[in-house]
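Just model-v5.cif here, mmCIF, C-alpha atoms:
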```cif
data_run
loop_
_atom_site.group_PDB
_atom_site.id
_atom_site.type_symbol
_atom_site.label_atom_id
_atom_site.label_comp_id
_atom_site.auth_asym_id
_atom_site.auth_seq_id
_atom_site.Cartn_x
_atom_site.Cartn_y
_atom_site.Cartn_z
ATOM 1 C CA MET Y 1 -0.057 -16.591 -25.183
ATOM 2 C CA ARG Y 2 -2.998 -14.280 -25.749
ATOM 3 C CA PHE Y 3 -5.037 -11.815 -23.736
ATOM 4 C CA GLN Y 4 -8.789 -11.778 -23.389
ATOM 5 C CA ASP Y 5 -11.366 -9.602 -21.621
ATOM 6 C CA ALA Y 6 -12.669 -11.097 -18.390
ATOM 7 C CA ALA Y 7 -16.168 -12.550 -18.461
ATOM 8 C CA ARG Y 8 -18.858 -9.962 -17.674
ATOM 9 C CA ASP Y 9 -20.205 -11.889 -14.704
ATOM 10 C CA ALA Y 10 -21.931 -10.368 -11.681
ATOM 11 C CA ARG Y 11 -18.642 -9.753 -9.877
ATOM 12 C CA ALA Y 12 -17.202 -7.974 -12.874
ATOM 13 C CA VAL Y 13 -20.256 -5.747 -13.249
ATOM 14 C CA VAL Y 14 -20.247 -4.734 -9.579
ATOM 15 C CA TYR Y 15 -16.511 -4.162 -9.590
ATOM 16 C CA ALA Y 16 -16.676 -2.101 -12.780
ATOM 17 C CA GLY Y 17 -18.983 0.234 -10.879
ATOM 18 C CA ILE Y 18 -16.395 0.611 -8.130
ATOM 19 C CA GLN Y 19 -13.625 1.221 -10.644
ATOM 20 C CA ALA Y 20 -15.720 3.927 -12.307
ATOM 21 C CA ASP Y 21 -16.303 5.747 -9.006
ATOM 22 C CA PRO Y 22 -14.989 9.323 -9.443
ATOM 23 C CA GLN Y 23 -13.221 9.083 -6.079
ATOM 24 C CA VAL Y 24 -11.035 6.314 -7.496
ATOM 25 C CA ALA Y 25 -9.863 8.379 -10.451
ATOM 26 C CA ARG Y 26 -9.363 11.475 -8.291
ATOM 27 C CA ALA Y 27 -7.271 9.695 -5.667
ATOM 28 C CA ALA Y 28 -5.188 7.831 -8.249
ATOM 29 C CA GLU Y 29 -4.525 11.037 -10.181
ATOM 30 C CA LEU Y 30 -3.255 12.743 -7.021
ATOM 31 C CA LEU Y 31 -1.181 9.758 -5.894
ATOM 32 C CA GLU Y 32 0.447 9.401 -9.306
ATOM 33 C CA SER Y 33 2.612 12.437 -8.626
ATOM 34 C CA ALA Y 34 2.808 12.059 -4.843
ATOM 35 C CA THR Y 35 5.879 11.702 -2.659
ATOM 36 C CA LEU Y 36 6.377 8.701 -0.385
ATOM 37 C CA ALA Y 37 5.228 10.742 2.623
ATOM 38 C CA GLN Y 38 2.078 11.823 0.778
ATOM 39 C CA ARG Y 39 1.342 8.214 -0.138
ATOM 40 C CA ILE Y 40 1.767 7.180 3.501
ATOM 41 C CA LEU Y 41 -0.658 9.975 4.421
ATOM 42 C CA ALA Y 42 -3.209 8.550 1.982
ATOM 43 C CA ARG Y 43 -2.751 5.043 3.344
ATOM 44 C CA ALA Y 44 -3.113 6.209 6.949
ATOM 45 C CA VAL Y 45 -6.193 8.340 6.334
ATOM 46 C CA MET Y 46 -7.931 5.705 4.202
ATOM 47 C CA ASN Y 47 -7.175 3.127 6.928
ATOM 48 C CA GLY Y 48 -8.101 5.539 9.691
ATOM 49 C CA GLU Y 49 -10.743 5.748 12.369
ATOM 50 C CA THR Y 50 -11.012 9.534 12.532
ATOM 51 C CA THR Y 51 -11.984 11.929 9.761
ATOM 52 C CA ASP Y 52 -10.895 15.201 11.355
ATOM 53 C CA PRO Y 53 -8.628 16.943 8.822
ATOM 54 C CA ASP Y 54 -6.839 19.029 11.454
ATOM 55 C CA GLY Y 55 -5.960 15.881 13.364
ATOM 56 C CA TRP Y 56 -4.367 14.382 10.269
ATOM 57 C CA ARG Y 57 -2.533 17.604 9.474
ATOM 58 C CA GLY Y 58 -1.036 17.410 12.958
ATOM 59 C CA THR Y 59 -0.038 13.783 12.434
ATOM 60 C CA PHE Y 60 2.018 14.687 9.352
ATOM 61 C CA PRO Y 61 4.020 17.804 10.274
ATOM 62 C CA GLY Y 62 6.423 17.209 7.396
ATOM 63 C CA LEU Y 63 3.541 17.792 4.981
ATOM 64 C CA PHE Y 64 1.489 20.400 6.832
ATOM 65 C CA GLY Y 65 3.704 21.837 9.589
ATOM 66 C CA ASP Y 66 6.420 24.461 9.788
ATOM 67 C CA ALA Y 67 8.701 22.475 7.471
ATOM 68 C CA ALA Y 68 6.132 22.398 4.666
ATOM 69 C CA THR Y 69 7.212 25.642 3.033
ATOM 70 C CA ASP Y 70 6.595 24.769 -0.639
ATOM 71 C CA PRO Y 71 3.052 26.033 -1.371
ATOM 72 C CA THR Y 72 2.621 23.713 -4.367
ATOM 73 C CA GLU Y 73 3.562 20.618 -2.373
ATOM 74 C CA ARG Y 74 1.441 21.714 0.554
ATOM 75 C CA ALA Y 75 -1.563 22.206 -1.733
ATOM 76 C CA HIS Y 76 -0.971 18.742 -3.174
ATOM 77 C CA SER Y 77 -0.901 17.282 0.349
ATOM 78 C CA GLU Y 78 -4.174 19.077 1.110
ATOM 79 C CA SER Y 79 -5.760 17.589 -2.014
ATOM 80 C CA ILE Y 80 -4.578 14.095 -1.081
ATOM 81 C CA LEU Y 81 -5.911 14.558 2.429
ATOM 82 C CA ALA Y 82 -9.316 15.655 1.131
ATOM 83 C CA ALA Y 83 -9.522 12.788 -1.378
ATOM 84 C CA SER Y 84 -8.463 10.264 1.259
ATOM 85 C CA LEU Y 85 -10.983 11.547 3.784
ATOM 86 C CA ALA Y 86 -13.712 11.222 1.166
ATOM 87 C CA VAL Y 87 -12.816 7.528 0.837
ATOM 88 C CA ALA Y 88 -12.526 7.054 4.619
ATOM 89 C CA GLU Y 89 -16.031 8.405 5.081
ATOM 90 C CA ARG Y 90 -17.510 5.566 3.034
ATOM 91 C CA GLY Y 91 -18.787 2.427 4.755
ATOM 92 C CA GLU Y 92 -16.226 -0.215 5.615
ATOM 93 C CA GLN Y 93 -17.009 -2.563 2.725
ATOM 94 C CA VAL Y 94 -17.123 0.170 0.082
ATOM 95 C CA ARG Y 95 -14.015 1.772 1.492
ATOM 96 C CA SER Y 96 -12.160 -1.498 1.135
ATOM 97 C CA GLN Y 97 -13.276 -1.944 -2.480
ATOM 98 C CA VAL Y 98 -12.462 1.653 -3.378
ATOM 99 C CA ARG Y 99 -8.979 1.379 -1.873
ATOM 100 C CA GLY Y 100 -8.250 -1.688 -3.975
ATOM 101 C CA ALA Y 101 -9.503 0.036 -7.116
ATOM 102 C CA ILE Y 102 -7.320 3.071 -6.363
ATOM 103 C CA VAL Y 103 -4.178 0.913 -6.309
ATOM 104 C CA GLU Y 104 -5.138 -0.624 -9.656
ATOM 105 C CA GLU Y 105 -5.859 2.752 -11.223
ATOM 106 C CA LEU Y 106 -2.637 4.184 -9.830
ATOM 107 C CA ALA Y 107 -0.614 1.274 -11.226
ATOM 108 C CA ALA Y 108 -2.310 1.646 -14.618
ATOM 109 C CA ARG Y 109 -1.569 5.365 -14.722
ATOM 110 C CA LEU Y 110 2.092 4.904 -13.822
ATOM 111 C CA LEU Y 111 2.490 2.152 -16.408
ATOM 112 C CA ALA Y 112 0.802 4.327 -19.036
ATOM 113 C CA ARG Y 113 3.538 6.911 -18.556
ATOM 114 C CA ARG Y 114 6.025 4.334 -19.801
ATOM 115 C CA VAL Y 115 4.103 2.450 -22.492
ATOM 116 C CA GLY Y 116 1.312 4.886 -23.381
ATOM 117 C CA PRO Y 117 -2.352 4.585 -22.415
ATOM 118 C CA THR Y 118 -3.286 2.199 -25.221
ATOM 119 C CA GLY Y 119 -0.738 -0.368 -24.058
ATOM 120 C CA VAL Y 120 -2.314 -0.735 -20.623
ATOM 121 C CA ARG Y 121 -5.416 -2.881 -20.137
ATOM 122 C CA ARG Y 122 -7.532 -3.779 -17.126
ATOM 123 C CA GLU Y 123 -9.265 -6.961 -15.997
ATOM 124 C CA ARG Y 124 -7.750 -9.236 -18.611
ATOM 125 C CA ARG Y 125 -7.188 -12.965 -18.636
ATOM 126 C CA ILE Y 126 -4.128 -14.575 -20.157
ATOM 127 C CA LEU Y 127 -4.665 -17.728 -22.171
ATOM 128 C CA PHE Y 128 -2.098 -20.394 -23.030
ATOM 129 C CA ASP Y 129 -2.455 -23.319 -25.406
ATOM 130 C CA GLY Y 130 -3.491 -26.474 -23.578
ATOM 131 C CA VAL Y 131 -3.759 -24.776 -20.192
ATOM 132 C CA ARG Y 132 -7.032 -24.222 -18.351
ATOM 133 C CA ALA Y 133 -7.608 -20.480 -18.089
ATOM 134 C CA GLU Y 134 -7.581 -18.851 -14.684
ATOM 135 C CA ILE Y 135 -10.994 -17.513 -13.734
ATOM 136 C CA HIS Y 136 -9.625 -14.495 -11.913
ATOM 137 C CA PRO Y 137 -8.402 -11.835 -14.331
ATOM 138 C CA TYR Y 138 -5.214 -9.843 -13.869
ATOM 139 C CA ASP Y 139 -5.827 -6.355 -12.523
ATOM 140 C CA VAL Y 140 -3.558 -4.609 -15.005
ATOM 141 C CA THR Y 141 -1.714 -5.863 -18.064
ATOM 142 C CA VAL Y 142 0.724 -4.361 -20.516
ATOM 143 C CA GLU Y 143 0.103 -6.053 -23.822
ATOM 144 C CA ARG Y 144 3.075 -5.654 -26.099
ATOM 145 C CA GLU Y 145 4.592 -8.273 -28.331
ATOM 146 C CA SER Y 146 7.664 -9.834 -26.702
ATOM 147 C CA ALA Y 147 7.358 -7.491 -23.713
ATOM 148 C CA ALA Y 148 4.099 -8.321 -21.966
ATOM 149 C CA GLU Y 149 3.529 -7.626 -18.285
ATOM 150 C CA ALA Y 150 0.860 -8.774 -15.817
ATOM 151 C CA TYR Y 151 0.114 -7.122 -12.477
ATOM 152 C CA ASP Y 152 -2.054 -7.891 -9.521
ATOM 153 C CA CYS Y 153 -2.641 -5.064 -7.069
ATOM 154 C CA LYS Y 154 -3.133 -5.092 -3.302
ATOM 155 C CA TRP Y 155 -3.885 -2.392 -0.784
ATOM 156 C CA GLY Y 156 -1.779 -4.002 1.922
ATOM 157 C CA ALA Y 157 0.907 -6.622 2.441
ATOM 158 C CA ARG Y 158 -1.675 -8.872 4.048
ATOM 159 C CA GLY Y 159 -3.240 -9.258 0.591
ATOM 160 C CA ILE Y 160 -0.210 -11.229 -0.556
ATOM 161 C CA ASN Y 161 -1.349 -14.852 -0.496
ATOM 162 C CA ALA Y 162 -0.712 -18.218 -2.104
ATOM 163 C CA ASP Y 163 -3.467 -17.875 -4.703
ATOM 164 C CA VAL Y 164 -2.143 -14.689 -6.235
ATOM 165 C CA LEU Y 165 1.481 -15.845 -6.092
ATOM 166 C CA TYR Y 166 0.645 -19.132 -7.823
ATOM 167 C CA GLN Y 167 -1.417 -17.368 -10.466
ATOM 168 C CA LEU Y 168 1.342 -14.912 -11.329
ATOM 169 C CA ASP Y 169 4.056 -17.554 -11.312
ATOM 170 C CA ASP Y 170 1.982 -19.970 -13.380
ATOM 171 C CA ALA Y 171 1.422 -17.277 -15.999
ATOM 172 C CA ARG Y 172 5.123 -16.512 -16.135
ATOM 173 C CA THR Y 173 6.137 -20.147 -16.503
ATOM 174 C CA HIS Y 174 3.431 -20.941 -19.089
ATOM 175 C CA ALA Y 175 4.552 -17.944 -21.101
ATOM 176 C CA ALA Y 176 8.149 -19.138 -20.897
ATOM 177 C CA ASP Y 177 7.018 -22.560 -22.107
ATOM 178 C CA GLU Y 178 5.671 -20.816 -25.205
ATOM 179 C CA GLY Y 179 8.886 -18.854 -25.616
ATOM 180 C CA GLU Y 180 7.204 -15.584 -24.653
ATOM 181 C CA PRO Y 181 8.673 -13.341 -21.970
ATOM 182 C CA LEU Y 182 6.058 -12.252 -19.458
ATOM 183 C CA THR Y 183 6.981 -9.988 -16.563
ATOM 184 C CA VAL Y 184 4.763 -10.582 -13.543
ATOM 185 C CA ALA Y 185 4.514 -8.394 -10.465
ATOM 186 C CA LEU Y 186 2.467 -7.593 -7.416
ATOM 187 C CA VAL Y 187 1.818 -3.925 -6.755
ATOM 188 C CA VAL Y 188 1.303 -3.429 -3.022
ATOM 189 C CA PHE Y 189 0.338 -0.056 -1.554
ATOM 190 C CA ASP Y 190 2.298 -0.854 1.576
ATOM 191 C CA ALA Y 191 5.845 -0.685 2.882
ATOM 192 C CA ALA Y 192 8.539 -3.004 1.529
ATOM 193 C CA ARG Y 193 9.368 -4.136 5.066
ATOM 194 C CA SER Y 194 5.824 -5.424 5.563
ATOM 195 C CA CYS Y 195 5.832 -7.147 2.178
ATOM 196 C CA VAL Y 196 9.122 -8.906 2.978
ATOM 197 C CA VAL Y 197 7.635 -10.252 6.212
ATOM 198 C CA ARG Y 198 4.496 -11.453 4.429
ATOM 199 C CA LEU Y 199 6.447 -13.087 1.608
ATOM 200 C CA ALA Y 200 8.803 -14.871 3.990
ATOM 201 C CA ALA Y 201 5.910 -16.967 5.265
ATOM 202 C CA GLN Y 202 4.667 -17.925 1.785
ATOM 203 C CA THR Y 203 5.549 -21.300 0.320
ATOM 204 C CA ALA Y 204 4.086 -20.475 -3.099
ATOM 205 C CA PRO Y 205 6.759 -19.727 -5.711
ATOM 206 C CA HIS Y 206 7.547 -16.039 -5.939
ATOM 207 C CA GLU Y 207 11.202 -15.778 -6.951
ATOM 208 C CA GLY Y 208 10.140 -14.711 -10.457
ATOM 209 C CA THR Y 209 7.505 -12.254 -9.260
ATOM 210 C CA ALA Y 210 8.528 -8.663 -8.711
ATOM 211 C CA ILE Y 211 7.093 -6.821 -5.727
ATOM 212 C CA VAL Y 212 6.372 -3.137 -6.238
ATOM 213 C CA THR Y 213 5.836 -1.308 -2.939
ATOM 214 C CA LEU Y 214 5.019 2.178 -1.705
ATOM 215 C CA GLU Y 215 8.709 3.031 -1.955
ATOM 216 C CA THR Y 216 9.133 1.801 -5.535
ATOM 217 C CA LEU Y 217 5.806 2.651 -7.199
ATOM 218 C CA ASP Y 218 7.366 5.253 -9.452
ATOM 219 C CA GLU Y 219 9.553 2.580 -11.038
ATOM 220 C CA LEU Y 220 6.442 1.336 -12.855
ATOM 221 C CA ALA Y 221 6.721 4.471 -14.961
ATOM 222 C CA GLU Y 222 10.422 4.015 -15.569
ATOM 223 C CA ARG Y 223 11.062 0.382 -16.389
ATOM 224 C CA SER Y 224 9.531 -3.072 -16.506
ATOM 225 C CA ALA Y 225 9.064 -4.543 -13.013
ATOM 226 C CA MET S 1 9.196 21.784 25.444
ATOM 227 C CA SER S 2 10.917 19.404 23.050
ATOM 228 C CA GLU S 3 11.606 15.774 23.913
ATOM 229 C CA ILE S 4 14.319 13.345 22.939
ATOM 230 C CA ILE S 5 13.501 10.806 20.212
ATOM 231 C CA SER S 6 13.936 7.754 22.435
ATOM 232 C CA ASP S 7 11.213 8.957 24.816
ATOM 233 C CA VAL S 8 8.785 9.450 21.934
ATOM 234 C CA ILE S 9 9.648 6.062 20.447
ATOM 235 C CA ASP S 10 9.151 4.411 23.836
ATOM 236 C CA ARG S 11 5.586 5.771 23.887
ATOM 237 C CA ALA S 12 5.024 4.632 20.330
ATOM 238 C CA LEU S 13 6.278 1.123 21.122
ATOM 239 C CA GLU S 14 3.922 0.873 24.058
ATOM 240 C CA ALA S 15 0.966 1.704 21.795
ATOM 241 C CA TYR S 16 2.346 -0.679 19.190
ATOM 242 C CA ALA S 17 2.348 -3.535 21.715
ATOM 243 C CA ALA S 18 -1.355 -2.955 22.355
ATOM 244 C CA LEU S 19 -2.027 -2.858 18.618
ATOM 245 C CA THR S 20 -0.150 -6.142 18.193
ATOM 246 C CA GLU S 21 -2.209 -7.728 20.931
ATOM 247 C CA LEU S 22 -5.409 -6.677 19.162
ATOM 248 C CA GLY S 23 -4.183 -8.035 15.817
ATOM 249 C CA GLU S 24 -3.363 -11.364 17.461
ATOM 250 C CA GLU S 25 -7.091 -11.947 17.852
ATOM 251 C CA ILE S 26 -7.111 -13.068 14.213
ATOM 252 C CA GLU S 27 -5.803 -16.537 14.914
ATOM 253 C CA ASP S 28 -4.937 -17.348 11.295
ATOM 254 C CA GLU S 29 -2.661 -14.318 11.203
ATOM 255 C CA TRP S 30 -0.998 -14.785 14.611
ATOM 256 C CA SER S 31 2.436 -15.557 13.156
ATOM 257 C CA TYR S 32 2.259 -12.791 10.575
ATOM 258 C CA VAL S 33 1.143 -10.283 13.199
ATOM 259 C CA ASN S 34 4.065 -11.120 15.460
ATOM 260 C CA GLU S 35 6.649 -11.258 12.691
ATOM 261 C CA LEU S 36 5.410 -7.953 11.305
ATOM 262 C CA SER S 37 5.462 -6.399 14.738
ATOM 263 C CA GLU S 38 8.979 -7.657 15.370
ATOM 264 C CA ALA S 39 10.248 -6.299 12.038
ATOM 265 C CA TRP S 40 8.911 -2.800 12.690
ATOM 266 C CA ARG S 41 10.015 -2.801 16.336
ATOM 267 C CA GLU S 42 13.533 -3.506 15.111
ATOM 268 C CA ARG S 43 13.342 -0.502 12.782
ATOM 269 C CA LEU S 44 12.072 1.791 15.536
ATOM 270 C CA ASP S 45 14.743 0.449 17.906
ATOM 271 C CA GLU S 46 17.373 1.260 15.268
ATOM 272 C CA VAL S 47 16.230 4.858 15.153
ATOM 273 C CA ALA S 48 16.247 5.074 18.944
ATOM 274 C CA ALA S 49 19.771 3.618 19.028
ATOM 275 C CA GLU S 50 21.075 5.934 16.306
ATOM 276 C CA ARG S 51 19.377 9.198 17.204
ATOM 277 C CA GLY S 52 17.645 8.553 20.505
ATOM 278 C CA GLN S 53 19.237 11.533 22.293
ATOM 279 C CA ASP S 54 18.350 14.008 19.504
ATOM 280 C CA ARG S 55 15.619 16.460 20.358
ATOM 281 C CA LEU S 56 12.384 16.546 18.403
ATOM 282 C CA SER S 57 10.336 19.610 17.619
ATOM 283 C CA GLY S 58 7.146 20.015 19.585
ATOM 284 C CA GLU S 59 5.041 19.379 16.499
ATOM 285 C CA ALA S 60 6.890 16.107 15.794
ATOM 286 C CA GLY S 61 6.229 14.816 19.318
ATOM 287 C CA ALA S 62 2.608 15.899 19.013
ATOM 288 C CA ALA S 63 2.365 14.057 15.681
ATOM 289 C CA VAL S 64 3.409 10.798 17.307
ATOM 290 C CA ASP S 65 0.909 11.365 20.101
ATOM 291 C CA ARG S 66 -1.841 11.894 17.521
ATOM 292 C CA ALA S 67 -0.861 8.648 15.808
ATOM 293 C CA ILE S 68 -0.946 6.896 19.195
ATOM 294 C CA ALA S 69 -4.407 8.332 19.827
ATOM 295 C CA GLU S 70 -5.561 7.160 16.379
ATOM 296 C CA VAL S 71 -4.520 3.545 16.944
ATOM 297 C CA GLY S 72 -6.004 3.718 20.423
ATOM 298 C CA LEU S 73 -9.417 4.071 18.817
ATOM 299 C CA ILE S 74 -9.129 0.827 16.866
ATOM 300 C CA THR S 75 -11.273 -2.034 18.072
ATOM 301 C CA ASP S 76 -11.361 -4.181 14.916
ATOM 302 C CA PRO S 77 -8.428 -6.639 14.846
ATOM 303 C CA HIS S 78 -8.372 -6.595 11.025
ATOM 304 C CA ARG S 79 -7.948 -2.828 11.114
ATOM 305 C CA ALA S 80 -5.248 -3.306 13.745
ATOM 306 C CA ILE S 81 -3.273 -5.488 11.322
ATOM 307 C CA ASP S 82 -3.459 -2.738 8.677
ATOM 308 C CA TRP S 83 -2.077 -0.297 11.234
ATOM 309 C CA LEU S 84 0.746 -2.604 12.326
ATOM 310 C CA SER S 85 2.337 -1.578 9.053
ATOM 311 C CA THR S 86 1.067 2.005 8.840
ATOM 312 C CA PHE S 87 1.691 3.212 12.406
ATOM 313 C CA PRO S 88 5.484 2.705 12.397
ATOM 314 C CA GLN S 89 5.720 4.473 9.039
ATOM 315 C CA VAL S 90 3.886 7.470 10.463
ATOM 316 C CA VAL S 91 6.113 7.474 13.561
ATOM 317 C CA LEU S 92 9.253 7.233 11.437
ATOM 318 C CA LEU S 93 8.157 10.131 9.246
ATOM 319 C CA ALA S 94 7.410 12.264 12.302
ATOM 320 C CA THR S 95 10.760 11.499 13.921
ATOM 321 C CA GLY S 96 12.716 12.112 10.743
ATOM 322 C CA GLY S 97 13.520 8.469 10.084
ATOM 323 C CA ARG S 98 13.341 6.581 6.808
ATOM 324 C CA PRO S 99 10.094 4.588 6.627
#
```

As structure tokens, the full file:
Amino acid sequence: MRFQDAARDARAVVYAGIQADPQVARAAELLESATLAQRILARAVMNGETTDPDGWRGTFPGLFGDAATDPTERAHSESILAASLAVAERGEQVRSQVRGAIVEELAARLLARRVGPTGVRRERRILFDGVRAEIHPYDVTVERESAAEAYDCKWGARGINADVLYQLDDARTHAADEGEPLTVALVVFDAARSCVVRLAAQTAPHEGTAIVTLETLDELAERSA
Amino acid sequence: MSEIISDVIDRALEAYAALTELGEEIEDEWSYVNELSEAWRERLDEVAAERGQDRLSGEAGAAVDRAIAEVGLITDPHRAIDWLSTFPQVVLLATGGRP
């Protein structure tokens, strides 16, 4: 098993531009240390129709209302709100791309806490002897001998589909065939309950694929998925 | 004046039914939309059964009404599917439930 940079095709070039958008880094930095409620705020605002900050403050009284007495946490919520509104104000197509890139960047940052920044790579393919390489690269990989990990990232549970489940499971089983452990996981910026519903309807193999959700994101920084 | 949780959840469920109907317009996702909707309805029903007679603060009730107003603006069925997951989480946070 070996890792390789993805081909620099047109898709990769366009997507690299999205990934380099300062809004992506800003939002991911804020979400890295966010609470579950703050992450739900970000998801709601970035999915939202309205961009009135006072309206959103009123929708999340636990973060901005009478109960929000910790000034540091309240300031963090304000920063997340501002960063999320900046994304929401983009056009629909760009907004969708930026949201996806934020989840990838967030996953990479959390993983880097555990394995260090040099151990985390982006947009990498995994090659196995005698196996045709997948065209689509993995969003995030942890490349360590005998402890490799591959992640695909989704903004919502609806992004869980047969293609991504087959790709992750194939990688895991090919690695096992070579005697190499490979942890595979889907990082979904959505609730576990929604992911469970989506997975229940999938016939693609996923028993060996971990699902990291809004509620369990911080575990990326603590242990292998 | 504060309201009881079950009244607020009843309003939320009514809005959620309309959101589900909009999401159903994506024919390929009809089953997912309905299964997702059912799963979150069950969670909201649990909260209503457990704490339905508890009173909510005025700002919590207003938060749910703002969330209802937000989903009322949605006309795109794809966006509606996104909110079928997000809306109940927002309602649960506002009513003090576990998302």

Expand the PyMOL selection byres ((chain S) within 9 of (chain Y)) into the individual residues it matches in the shown file, reporting them as an mmCIF file with C-alpha atoms, keeping the file's coordinate frame.
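result-v6.cif was written with the following content:
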```cif
data_model
loop_
_atom_site.group_PDB
_atom_site.id
_atom_site.type_symbol
_atom_site.label_atom_id
_atom_site.label_comp_id
_atom_site.auth_asym_id
_atom_site.auth_seq_id
_atom_site.Cartn_x
_atom_site.Cartn_y
_atom_site.Cartn_z
ATOM 1 C CA SER S 31 2.436 -15.557 13.156
ATOM 2 C CA TYR S 32 2.259 -12.791 10.575
ATOM 3 C CA GLU S 35 6.649 -11.258 12.691
ATOM 4 C CA LEU S 36 5.410 -7.953 11.305
ATOM 5 C CA ALA S 39 10.248 -6.299 12.038
ATOM 6 C CA TRP S 40 8.911 -2.800 12.690
ATOM 7 C CA GLU S 59 5.041 19.379 16.499
ATOM 8 C CA ALA S 60 6.890 16.107 15.794
ATOM 9 C CA ALA S 62 2.608 15.899 19.013
ATOM 10 C CA ALA S 63 2.365 14.057 15.681
ATOM 11 C CA VAL S 64 3.409 10.798 17.307
ATOM 12 C CA ASP S 65 0.909 11.365 20.101
ATOM 13 C CA ARG S 66 -1.841 11.894 17.521
ATOM 14 C CA ALA S 67 -0.861 8.648 15.808
ATOM 15 C CA GLU S 70 -5.561 7.160 16.379
ATOM 16 C CA VAL S 71 -4.520 3.545 16.944
ATOM 17 C CA LEU S 73 -9.417 4.071 18.817
ATOM 18 C CA ILE S 74 -9.129 0.827 16.866
ATOM 19 C CA ARG S 79 -7.948 -2.828 11.114
ATOM 20 C CA ILE S 81 -3.273 -5.488 11.322
ATOM 21 C CA ASP S 82 -3.459 -2.738 8.677
ATOM 22 C CA TRP S 83 -2.077 -0.297 11.234
ATOM 23 C CA LEU S 84 0.746 -2.604 12.326
ATOM 24 C CA SER S 85 2.337 -1.578 9.053
ATOM 25 C CA THR S 86 1.067 2.005 8.840
ATOM 26 C CA PHE S 87 1.691 3.212 12.406
ATOM 27 C CA GLN S 89 5.720 4.473 9.039
ATOM 28 C CA VAL S 90 3.886 7.470 10.463
ATOM 29 C CA VAL S 91 6.113 7.474 13.561
ATOM 30 C CA LEU S 93 8.157 10.131 9.246
ATOM 31 C CA ALA S 94 7.410 12.264 12.302
ATOM 32 C CA GLY S 96 12.716 12.112 10.743
ATOM 33 C CA PRO S 99 10.094 4.588 6.627
#
```

- Nearest to S:Val8 by atom-to-atom distance, counting only C-alpha atoms, from S:Ile68, S:Thr75, S:Leu22, S:Ala80: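 Nearest candidate to S:Val8 out of S:Ile68, S:Thr75, S:Leu22, S:Ala80: S:Ile68.
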
If the box runs along x, y and z of the file and leaves 3 Å on each side of stretch 32-45 of chain S, what are its centre and edge lengths in Å, one decimal, as JSON?
```
{"center_x": 7.9, "center_y": -5.5, "center_z": 14.2, "size_x": 19.6, "size_y": 20.6, "size_z": 13.3}
```

- Near-Y:Tyr151 list (8 Å; all atoms listed in the file; drop same-chain fewer than 5 positions) as a VMD selection string: chain Y and resid 138 to 141 168 184 to 187

Go ahead and save the residues from that selection, with C-alpha atoms, as a PDB file, in the frame of the given file.
```
ATOM      1  CA  TYR Y 138      -5.214  -9.843 -13.869  1.00  0.00           C
ATOM      2  CA  ASP Y 139      -5.827  -6.355 -12.523  1.00  0.00           C
ATOM      3  CA  VAL Y 140      -3.558  -4.609 -15.005  1.00  0.00           C
ATOM      4  CA  THR Y 141      -1.714  -5.863 -18.064  1.00  0.00           C
ATOM      5  CA  LEU Y 168       1.342 -14.912 -11.329  1.00  0.00           C
ATOM      6  CA  VAL Y 184       4.763 -10.582 -13.543  1.00  0.00           C
ATOM      7  CA  ALA Y 185       4.514  -8.394 -10.465  1.00  0.00           C
ATOM      8  CA  LEU Y 186       2.467  -7.593  -7.416  1.00  0.00           C
ATOM      9  CA  VAL Y 187       1.818  -3.925  -6.755  1.00  0.00           C
TER      10      VAL Y 187
END
```

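Distance-wise, atom CA of Y:Gln23 and atom CA of Y:Val98 end up 7.9 Å apart.
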
- Result set, the PyMOL selection byres ((chain Y and resi 116-122) around 12) on current file, as number ranges by chain: Y: 3-6, 12, 15-16, 19, 101, 104-115, 123-126, 137-145, 147-153, 220-221

Would you put the residues from that selection into a file with C-alpha atoms, as a compact mmCIF listing (two decimals), in the frame of the given file?
```
# COMPACT_ATOMS: atom_id res chain seq x y z
CA PHE Y 3 -5.04 -11.82 -23.74
CA GLN Y 4 -8.79 -11.78 -23.39
CA ASP Y 5 -11.37 -9.60 -21.62
CA ALA Y 6 -12.67 -11.10 -18.39
CA ALA Y 12 -17.20 -7.97 -12.87
CA TYR Y 15 -16.51 -4.16 -9.59
CA ALA Y 16 -16.68 -2.10 -12.78
CA GLN Y 19 -13.62 1.22 -10.64
CA ALA Y 101 -9.50 0.04 -7.12
CA GLU Y 104 -5.14 -0.62 -9.66
CA GLU Y 105 -5.86 2.75 -11.22
CA LEU Y 106 -2.64 4.18 -9.83
CA ALA Y 107 -0.61 1.27 -11.23
CA ALA Y 108 -2.31 1.65 -14.62
CA ARG Y 109 -1.57 5.36 -14.72
CA LEU Y 110 2.09 4.90 -13.82
CA LEU Y 111 2.49 2.15 -16.41
CA ALA Y 112 0.80 4.33 -19.04
CA ARG Y 113 3.54 6.91 -18.56
CA ARG Y 114 6.02 4.33 -19.80
CA VAL Y 115 4.10 2.45 -22.49
CA GLU Y 123 -9.26 -6.96 -16.00
CA ARG Y 124 -7.75 -9.24 -18.61
CA ARG Y 125 -7.19 -12.96 -18.64
CA ILE Y 126 -4.13 -14.58 -20.16
CA PRO Y 137 -8.40 -11.84 -14.33
CA TYR Y 138 -5.21 -9.84 -13.87
CA ASP Y 139 -5.83 -6.36 -12.52
CA VAL Y 140 -3.56 -4.61 -15.00
CA THR Y 141 -1.71 -5.86 -18.06
CA VAL Y 142 0.72 -4.36 -20.52
CA GLU Y 143 0.10 -6.05 -23.82
CA ARG Y 144 3.08 -5.65 -26.10
CA GLU Y 145 4.59 -8.27 -28.33
CA ALA Y 147 7.36 -7.49 -23.71
CA ALA Y 148 4.10 -8.32 -21.97
CA GLU Y 149 3.53 -7.63 -18.28
CA ALA Y 150 0.86 -8.77 -15.82
CA TYR Y 151 0.11 -7.12 -12.48
CA ASP Y 152 -2.05 -7.89 -9.52
CA CYS Y 153 -2.64 -5.06 -7.07
CA LEU Y 220 6.44 1.34 -12.86
CA ALA Y 221 6.72 4.47 -14.96
```
